[in-house]
>>> print(open('protein.txt').read())   # compact mmCIF, C-alpha atoms and all ligand atoms
# COMPACT_ATOMS: atom_id res chain seq x y z
CA MET A 142 62.78 -175.31 -44.38
CA LYS A 143 62.47 -173.96 -47.94
CA ASP A 144 62.61 -176.37 -50.87
CA PRO A 145 65.58 -178.65 -50.21
CA LEU A 146 68.57 -178.55 -52.56
CA ILE A 147 70.23 -181.55 -50.95
CA SER A 148 68.54 -184.73 -49.87
CA VAL A 149 70.17 -186.88 -47.18
CA VAL A 150 68.74 -190.38 -47.06
CA MET A 151 69.72 -193.41 -45.04
CA GLY A 152 68.60 -197.01 -44.83
CA SER A 153 67.75 -196.96 -41.13
CA ASN A 154 67.63 -194.61 -38.20
CA SER A 155 70.61 -196.60 -36.91
CA ASP A 156 72.62 -194.84 -39.66
CA TRP A 157 71.98 -191.45 -38.08
CA ASP A 158 75.06 -191.70 -35.80
CA VAL A 159 77.13 -191.41 -38.98
CA MET A 160 74.83 -189.42 -41.27
CA GLN A 161 74.36 -186.63 -38.73
CA TYR A 162 77.84 -185.46 -39.75
CA ALA A 163 76.58 -184.76 -43.26
CA VAL A 164 73.62 -182.84 -41.93
CA ALA A 165 75.85 -180.84 -39.56
CA ILE A 166 77.91 -179.58 -42.53
CA LEU A 167 74.79 -178.62 -44.51
CA LYS A 168 73.50 -176.73 -41.49
CA ASP A 169 76.85 -174.94 -41.06
CA PHE A 170 76.67 -173.77 -44.67
CA ASN A 171 73.01 -172.87 -44.35
CA ILE A 172 72.09 -175.13 -47.29
CA SER A 173 68.45 -176.18 -47.52
CA TYR A 174 68.22 -179.92 -47.05
CA GLU A 175 65.92 -182.73 -46.07
CA ALA A 176 66.88 -185.85 -44.13
CA ARG A 177 64.85 -189.04 -44.14
CA VAL A 178 64.96 -192.82 -43.79
CA VAL A 179 64.36 -194.77 -47.01
CA SER A 180 65.15 -198.45 -47.07
CA ALA A 181 66.04 -200.14 -50.36
CA HIS A 182 64.81 -203.57 -49.29
CA ARG A 183 62.19 -202.70 -46.66
CA THR A 184 60.51 -199.81 -48.51
CA PRO A 185 61.50 -200.33 -52.16
CA ASP A 186 58.43 -198.58 -53.56
CA THR A 187 59.10 -195.50 -51.43
CA MET A 188 62.72 -195.53 -52.57
CA PHE A 189 61.68 -195.64 -56.23
CA GLU A 190 59.15 -192.86 -55.75
CA PHE A 191 61.74 -190.74 -53.93
CA ALA A 192 64.37 -191.26 -56.65
CA GLU A 193 61.95 -190.72 -59.54
CA ASN A 194 60.77 -187.40 -58.10
CA ALA A 195 64.14 -186.02 -56.94
CA SER A 196 64.95 -184.13 -60.13
CA LYS A 197 61.57 -182.46 -60.51
CA ARG A 198 61.68 -181.44 -56.85
CA GLY A 199 64.87 -179.49 -57.56
CA ILE A 200 67.20 -181.76 -55.60
CA GLN A 201 70.77 -181.11 -56.76
CA CYS A 202 72.53 -183.97 -54.97
CA ILE A 203 71.45 -187.00 -53.01
CA ILE A 204 73.67 -188.11 -50.14
CA ALA A 205 72.77 -191.72 -49.44
CA GLY A 206 74.16 -193.63 -46.48
CA ALA A 207 73.71 -197.33 -45.83
CA GLY A 208 75.37 -200.23 -44.09
CA GLY A 209 75.90 -203.92 -44.87
CA ALA A 210 74.68 -204.95 -48.32
CA ALA A 211 74.38 -201.24 -48.99
CA HIS A 212 72.30 -201.17 -52.16
CA LEU A 213 70.42 -197.94 -51.35
CA PRO A 214 72.79 -195.49 -53.11
CA GLY A 215 73.10 -197.67 -56.21
CA MET A 216 69.38 -198.33 -56.51
CA ILE A 217 68.58 -194.64 -56.11
CA ALA A 218 71.22 -193.83 -58.76
CA ALA A 219 69.55 -196.33 -61.07
CA LYS A 220 66.29 -194.36 -60.92
CA THR A 221 67.57 -190.77 -61.20
CA THR A 222 70.21 -188.72 -62.99
CA VAL A 223 70.65 -186.49 -59.92
CA PRO A 224 74.22 -187.12 -58.64
CA VAL A 225 74.28 -189.67 -55.82
CA LEU A 226 76.99 -189.47 -53.16
CA GLY A 227 77.30 -192.73 -51.26
CA VAL A 228 78.36 -192.99 -47.64
CA PRO A 229 79.31 -196.45 -46.33
CA VAL A 230 78.04 -196.79 -42.78
CA ASN A 231 80.02 -198.87 -40.26
CA SER A 232 78.36 -202.24 -39.91
CA ARG A 233 78.34 -204.47 -36.85
CA TYR A 234 80.25 -207.49 -38.13
CA LEU A 235 82.35 -206.36 -41.08
CA LYS A 236 82.95 -202.84 -39.76
CA GLY A 237 81.75 -201.12 -42.91
CA MET A 238 84.00 -202.92 -45.41
CA ASP A 239 80.85 -204.60 -46.72
CA SER A 240 79.13 -201.22 -47.05
CA LEU A 241 82.16 -199.67 -48.77
CA LEU A 242 82.52 -202.43 -51.35
CA SER A 243 78.77 -202.57 -51.99
CA ILE A 244 78.69 -198.87 -52.77
CA VAL A 245 82.01 -198.37 -54.55
CA GLN A 246 81.79 -201.42 -56.83
CA MET A 247 78.92 -200.15 -58.96
CA PRO A 248 78.92 -201.77 -62.38
CA LYS A 249 79.82 -199.49 -65.29
CA GLY A 250 77.08 -197.12 -66.38
CA ILE A 251 75.41 -196.10 -63.11
CA PRO A 252 77.90 -194.14 -60.98
CA VAL A 253 77.76 -193.52 -57.26
CA ALA A 254 80.47 -191.17 -55.93
CA THR A 255 81.72 -193.10 -52.92
CA PHE A 256 83.20 -191.62 -49.75
CA ALA A 257 85.06 -192.96 -46.73
CA ILE A 258 83.44 -195.26 -44.18
CA GLY A 259 81.75 -193.42 -41.33
CA GLU A 260 81.97 -189.88 -40.00
CA ALA A 261 84.64 -188.61 -42.43
CA GLY A 262 82.71 -189.96 -45.40
CA ALA A 263 79.45 -188.37 -44.26
CA ALA A 264 81.09 -184.98 -43.67
CA ASN A 265 83.03 -185.13 -46.94
CA ALA A 266 79.95 -186.12 -48.93
CA ALA A 267 78.24 -182.99 -47.64
CA LEU A 268 81.32 -180.86 -48.42
CA PHE A 269 81.33 -182.34 -51.92
CA ALA A 270 77.67 -181.45 -52.33
CA VAL A 271 78.48 -177.92 -51.17
CA ALA A 272 81.28 -177.77 -53.76
CA ILE A 273 78.86 -178.79 -56.52
CA LEU A 274 76.44 -176.05 -55.47
CA ALA A 275 79.34 -173.57 -55.31
CA ASN A 276 79.89 -173.96 -59.06
CA ASN A 277 76.79 -171.86 -59.63
CA ASP A 278 76.61 -169.81 -56.45
CA ASP A 279 79.22 -167.19 -55.52
CA GLN A 280 78.02 -166.94 -51.94
CA ILE A 281 78.46 -170.66 -51.35
CA ARG A 282 81.86 -170.55 -53.09
CA LYS A 283 82.98 -167.83 -50.65
CA GLN A 284 81.67 -169.83 -47.70
CA LEU A 285 83.61 -172.87 -48.86
CA GLY A 286 86.77 -170.79 -49.24
CA ALA A 287 86.31 -169.43 -45.71
CA PHE A 288 85.79 -172.96 -44.38
CA ARG A 289 89.09 -174.07 -45.95
CA GLU A 290 90.92 -171.03 -44.53
CA LYS A 291 89.56 -171.69 -41.05
CA GLN A 292 90.68 -175.28 -41.30
CA ALA A 293 94.17 -174.23 -42.42
CA ASP A 294 94.37 -171.75 -39.55
CA SER A 295 93.48 -174.46 -37.06
CA VAL A 296 96.36 -176.61 -38.35
CA ALA A 297 98.76 -173.66 -38.19
CA ALA A 298 97.77 -173.15 -34.56
CA MET A 299 98.39 -176.79 -33.59
CA GLN A 300 101.01 -177.36 -30.93
CA LEU A 301 102.78 -180.53 -29.91
CA PRO A 302 103.88 -181.42 -26.38
CA GLU A 303 107.46 -180.47 -25.49
C1 LIG B 1 70.85 -201.13 -43.73
O1 LIG B 1 70.96 -202.09 -42.73
C2 LIG B 1 70.88 -199.82 -43.02
O2 LIG B 1 71.47 -198.85 -43.87
C3 LIG B 1 71.66 -200.06 -41.78
O3 LIG B 1 73.00 -199.61 -41.91
C4 LIG B 1 71.65 -201.57 -41.63
C5 LIG B 1 71.05 -202.04 -40.35
O4 LIG B 1 69.73 -201.54 -40.24
P1 LIG B 1 68.92 -201.71 -38.87
O5 LIG B 1 68.83 -203.19 -38.62
O6 LIG B 1 69.74 -201.02 -37.79
O7 LIG B 1 67.59 -201.05 -39.09
O8 LIG B 1 69.69 -201.28 -44.44
>>> encode(input="protein.txt", output="structure tokens", more="lines below")
Ligand code: RP5
Amino acid sequence: MKDPLISVVMGSNSDWDVMQYAVAILKDFNISYEARVVSAHRTPDTMFEFAENASKRGIQCIIAGAGGAAHLPGMIAAKTTVPVLGVPVNSRYLKGMDSLLSIVQMPKGIPVATFAIGEAGAANAALFAVAILANNDDQIRKQLGAFREKQADSVAAMQLPE
């Protein structure tokens, strides 16, 4: 794939069940992306290197998913000014409430845009990244408009049982 515009990172390959929904949207929109595992606490040096280089690599948005004490999005945001979109991944015991609060409760000064827990959050983070790119790309803006129209049409076609 050509130089990625969007980077999708996650703390473990166990996050893929959720984060695949972000990647599916980027594929649908034909946006160049990369997807990789970077762990804040197991590979902190790799995480720092990734975050420090994101801007010069031309990355426009980082979608970061993590579960539990989900410090990956916040720590990446601390090391780059590239916008970070955080996706709370469902966790085994606290069902993702821990992930959500860890990501959304960033102290003032280092923002992480935080999305819903799980599949919806992953898909919406990617749609948000697409919307950011659309600000400076007419083709992507048209694609996003067409996506919204298709979605509206599918609702209009919905039928309920008698
Ligand atoms: C976090 O711990 C990951 O983001 C993942 O959601 C969670 C569990 O990781 P594994 O034990 O499945 O590797 O770092």
>>> residues_near_ligand(input="protein.txt", ligand="ligand LIG 1 (chain B)", cutoff="6 Å", atoms="only C-alpha atoms and all ligand atoms", output="NGL selection string")
:A and (151-153 or 155-156 or 180 or 207-209 or 230)
>>> residues_around(input="protein.txt", residues="Leu213 in chain A", least_positions_apart="3", cutoff="9 Å", atoms="all atoms listed in the file", output="number ranges by chain")
A: 150-152, 179-182, 188, 205-207, 210, 216-218, 227, 244
>>> closest_residue(input="protein.txt", among="A:Asn231, A:Asn194, A:Gln201, A:Gln161", to="Ala263 in chain A", atoms="only C-alpha atoms")
A:Gln161
>>> atom_distance(input="protein.txt", atom1="CA of Ala261 in chain A", atom2="CA of Lys249 in chain A")
25.8 Å
>>> atom_distance(input="protein.txt", atom1="CA of Ala219 in chain A", atom2="CA of Ser148 in chain A")
16.2 Å
>>> closest_residue(input="protein.txt", among="A:Pro302, A:Pro248, A:Pro145, A:Gly262", to="Leu226 in chain A", atoms="only C-alpha atoms")
A:Gly262
>>> decode(input="protein.txt", residues="range 189-291 of chain A", atoms="C-alpha atoms", output="PDB file, in the first residue's frame")
ATOM      1  CA  PHE A 189       7.305   6.284  21.499  1.00  0.00           C
ATOM      2  CA  GLU A 190       9.182   5.776  18.245  1.00  0.00           C
ATOM      3  CA  PHE A 191       5.909   5.239  16.375  1.00  0.00           C
ATOM      4  CA  ALA A 192       4.310   8.374  17.860  1.00  0.00           C
ATOM      5  CA  GLU A 193       7.392  10.555  17.380  1.00  0.00           C
ATOM      6  CA  ASN A 194       7.636   9.632  13.698  1.00  0.00           C
ATOM      7  CA  ALA A 195       3.927   9.753  12.803  1.00  0.00           C
ATOM      8  CA  SER A 196       3.869  13.380  11.688  1.00  0.00           C
ATOM      9  CA  LYS A 197       6.954  13.203   9.495  1.00  0.00           C
ATOM     10  CA  ARG A 198       5.614  10.024   7.894  1.00  0.00           C
ATOM     11  CA  GLY A 199       2.554  11.986   6.745  1.00  0.00           C
ATOM     12  CA  ILE A 200       0.068  10.265   9.040  1.00  0.00           C
ATOM     13  CA  GLN A 201      -3.044  12.460   9.296  1.00  0.00           C
ATOM     14  CA  CYS A 202      -4.868  10.609  12.088  1.00  0.00           C
ATOM     15  CA  ILE A 203      -4.030   7.811  14.460  1.00  0.00           C
ATOM     16  CA  ILE A 204      -6.847   5.466  15.450  1.00  0.00           C
ATOM     17  CA  ALA A 205      -5.730   3.760  18.649  1.00  0.00           C
ATOM     18  CA  GLY A 206      -7.685   0.935  20.243  1.00  0.00           C
ATOM     19  CA  ALA A 207      -6.969  -0.619  23.610  1.00  0.00           C
ATOM     20  CA  GLY A 208      -8.673  -2.447  26.431  1.00  0.00           C
ATOM     21  CA  GLY A 209      -8.457  -2.398  30.227  1.00  0.00           C
ATOM     22  CA  ALA A 210      -6.125   0.275  31.593  1.00  0.00           C
ATOM     23  CA  ALA A 211      -6.127   1.657  28.071  1.00  0.00           C
ATOM     24  CA  HIS A 212      -3.223   4.086  28.159  1.00  0.00           C
ATOM     25  CA  LEU A 213      -2.116   3.536  24.543  1.00  0.00           C
ATOM     26  CA  PRO A 214      -4.150   6.371  22.938  1.00  0.00           C
ATOM     27  CA  GLY A 215      -3.214   8.877  25.646  1.00  0.00           C
ATOM     28  CA  MET A 216       0.473   8.012  25.626  1.00  0.00           C
ATOM     29  CA  ILE A 217       0.614   8.242  21.831  1.00  0.00           C
ATOM     30  CA  ALA A 218      -1.177  11.615  22.014  1.00  0.00           C
ATOM     31  CA  ALA A 219       1.428  12.777  24.524  1.00  0.00           C
ATOM     32  CA  LYS A 220       4.194  12.199  21.969  1.00  0.00           C
ATOM     33  CA  THR A 221       2.600  13.610  18.793  1.00  0.00           C
ATOM     34  CA  THR A 222       0.368  16.451  17.630  1.00  0.00           C
ATOM     35  CA  VAL A 223      -1.267  14.182  15.026  1.00  0.00           C
ATOM     36  CA  PRO A 224      -4.942  13.800  16.090  1.00  0.00           C
ATOM     37  CA  VAL A 225      -5.510  10.609  18.075  1.00  0.00           C
ATOM     38  CA  LEU A 226      -8.892   8.887  17.928  1.00  0.00           C
ATOM     39  CA  GLY A 227      -9.327   6.465  20.810  1.00  0.00           C
ATOM     40  CA  VAL A 228     -11.386   3.296  20.630  1.00  0.00           C
ATOM     41  CA  PRO A 229     -12.224   1.550  23.918  1.00  0.00           C
ATOM     42  CA  VAL A 230     -12.050  -2.195  23.382  1.00  0.00           C
ATOM     43  CA  ASN A 231     -14.397  -4.488  25.327  1.00  0.00           C
ATOM     44  CA  SER A 232     -12.496  -6.007  28.212  1.00  0.00           C
ATOM     45  CA  ARG A 233     -13.103  -9.379  29.820  1.00  0.00           C
ATOM     46  CA  TYR A 234     -14.115  -8.348  33.332  1.00  0.00           C
ATOM     47  CA  LEU A 235     -15.362  -4.762  33.152  1.00  0.00           C
ATOM     48  CA  LYS A 236     -16.795  -5.051  29.638  1.00  0.00           C
ATOM     49  CA  GLY A 237     -14.935  -2.038  28.303  1.00  0.00           C
ATOM     50  CA  MET A 238     -16.073   0.501  30.908  1.00  0.00           C
ATOM     51  CA  ASP A 239     -12.482   0.511  32.161  1.00  0.00           C
ATOM     52  CA  SER A 240     -11.205   1.115  28.620  1.00  0.00           C
ATOM     53  CA  LEU A 241     -13.746   3.883  27.999  1.00  0.00           C
ATOM     54  CA  LEU A 242     -12.946   5.781  31.186  1.00  0.00           C
ATOM     55  CA  SER A 243      -9.196   5.345  30.723  1.00  0.00           C
ATOM     56  CA  ILE A 244      -9.376   6.878  27.265  1.00  0.00           C
ATOM     57  CA  VAL A 245     -12.039   9.550  27.727  1.00  0.00           C
ATOM     58  CA  GLN A 246     -10.739  10.949  31.032  1.00  0.00           C
ATOM     59  CA  MET A 247      -7.553  12.455  29.627  1.00  0.00           C
ATOM     60  CA  PRO A 248      -6.310  15.300  31.790  1.00  0.00           C
ATOM     61  CA  LYS A 249      -6.586  18.779  30.276  1.00  0.00           C
ATOM     62  CA  GLY A 250      -3.979  19.590  27.648  1.00  0.00           C
ATOM     63  CA  ILE A 251      -3.527  16.316  25.771  1.00  0.00           C
ATOM     64  CA  PRO A 252      -6.772  15.420  23.988  1.00  0.00           C
ATOM     65  CA  VAL A 253      -7.851  12.036  22.709  1.00  0.00           C
ATOM     66  CA  ALA A 254     -11.122  12.032  20.727  1.00  0.00           C
ATOM     67  CA  THR A 255     -12.950   9.115  22.300  1.00  0.00           C
ATOM     68  CA  PHE A 256     -15.496   6.875  20.601  1.00  0.00           C
ATOM     69  CA  ALA A 257     -17.989   4.244  21.720  1.00  0.00           C
ATOM     70  CA  ILE A 258     -16.924   0.909  23.185  1.00  0.00           C
ATOM     71  CA  GLY A 259     -16.429  -1.808  20.591  1.00  0.00           C
ATOM     72  CA  GLU A 260     -17.513  -2.202  16.979  1.00  0.00           C
ATOM     73  CA  ALA A 261     -19.470   1.068  16.689  1.00  0.00           C
ATOM     74  CA  GLY A 262     -16.571   3.038  18.137  1.00  0.00           C
ATOM     75  CA  ALA A 263     -14.044   1.452  15.785  1.00  0.00           C
ATOM     76  CA  ALA A 264     -16.220   2.086  12.719  1.00  0.00           C
ATOM     77  CA  ASN A 265     -17.042   5.638  13.810  1.00  0.00           C
ATOM     78  CA  ALA A 266     -13.407   6.465  14.525  1.00  0.00           C
ATOM     79  CA  ALA A 267     -12.596   5.493  10.942  1.00  0.00           C
ATOM     80  CA  LEU A 268     -15.548   7.517   9.615  1.00  0.00           C
ATOM     81  CA  PHE A 269     -14.314  10.473  11.656  1.00  0.00           C
ATOM     82  CA  ALA A 270     -10.843  10.080  10.167  1.00  0.00           C
ATOM     83  CA  VAL A 271     -12.425   9.995   6.717  1.00  0.00           C
ATOM     84  CA  ALA A 272     -14.315  13.210   7.556  1.00  0.00           C
ATOM     85  CA  ILE A 273     -11.059  14.910   8.566  1.00  0.00           C
ATOM     86  CA  LEU A 274      -9.450  13.897   5.271  1.00  0.00           C
ATOM     87  CA  ALA A 275     -12.574  15.075   3.398  1.00  0.00           C
ATOM     88  CA  ASN A 276     -11.911  18.650   4.535  1.00  0.00           C
ATOM     89  CA  ASN A 277      -9.080  18.821   2.013  1.00  0.00           C
ATOM     90  CA  ASP A 278     -10.142  16.245  -0.552  1.00  0.00           C
ATOM     91  CA  ASP A 279     -13.240  16.665  -2.748  1.00  0.00           C
ATOM     92  CA  GLN A 280     -13.221  13.036  -3.840  1.00  0.00           C
ATOM     93  CA  ILE A 281     -13.313  11.773  -0.272  1.00  0.00           C
ATOM     94  CA  ARG A 282     -16.017  14.340   0.578  1.00  0.00           C
ATOM     95  CA  LYS A 283     -18.166  12.964  -2.266  1.00  0.00           C
ATOM     96  CA  GLN A 284     -17.562   9.399  -1.101  1.00  0.00           C
ATOM     97  CA  LEU A 285     -18.634  10.333   2.414  1.00  0.00           C
ATOM     98  CA  GLY A 286     -21.784  11.995   1.078  1.00  0.00           C
ATOM     99  CA  ALA A 287     -22.596   8.865  -0.946  1.00  0.00           C
ATOM    100  CA  PHE A 288     -22.038   6.693   2.134  1.00  0.00           C
ATOM    101  CA  ARG A 289     -24.529   8.802   4.109  1.00  0.00           C
ATOM    102  CA  GLU A 290     -27.090   8.643   1.280  1.00  0.00           C
ATOM    103  CA  LYS A 291     -26.770   4.871   1.041  1.00  0.00           C
TER     104      LYS A 291
END
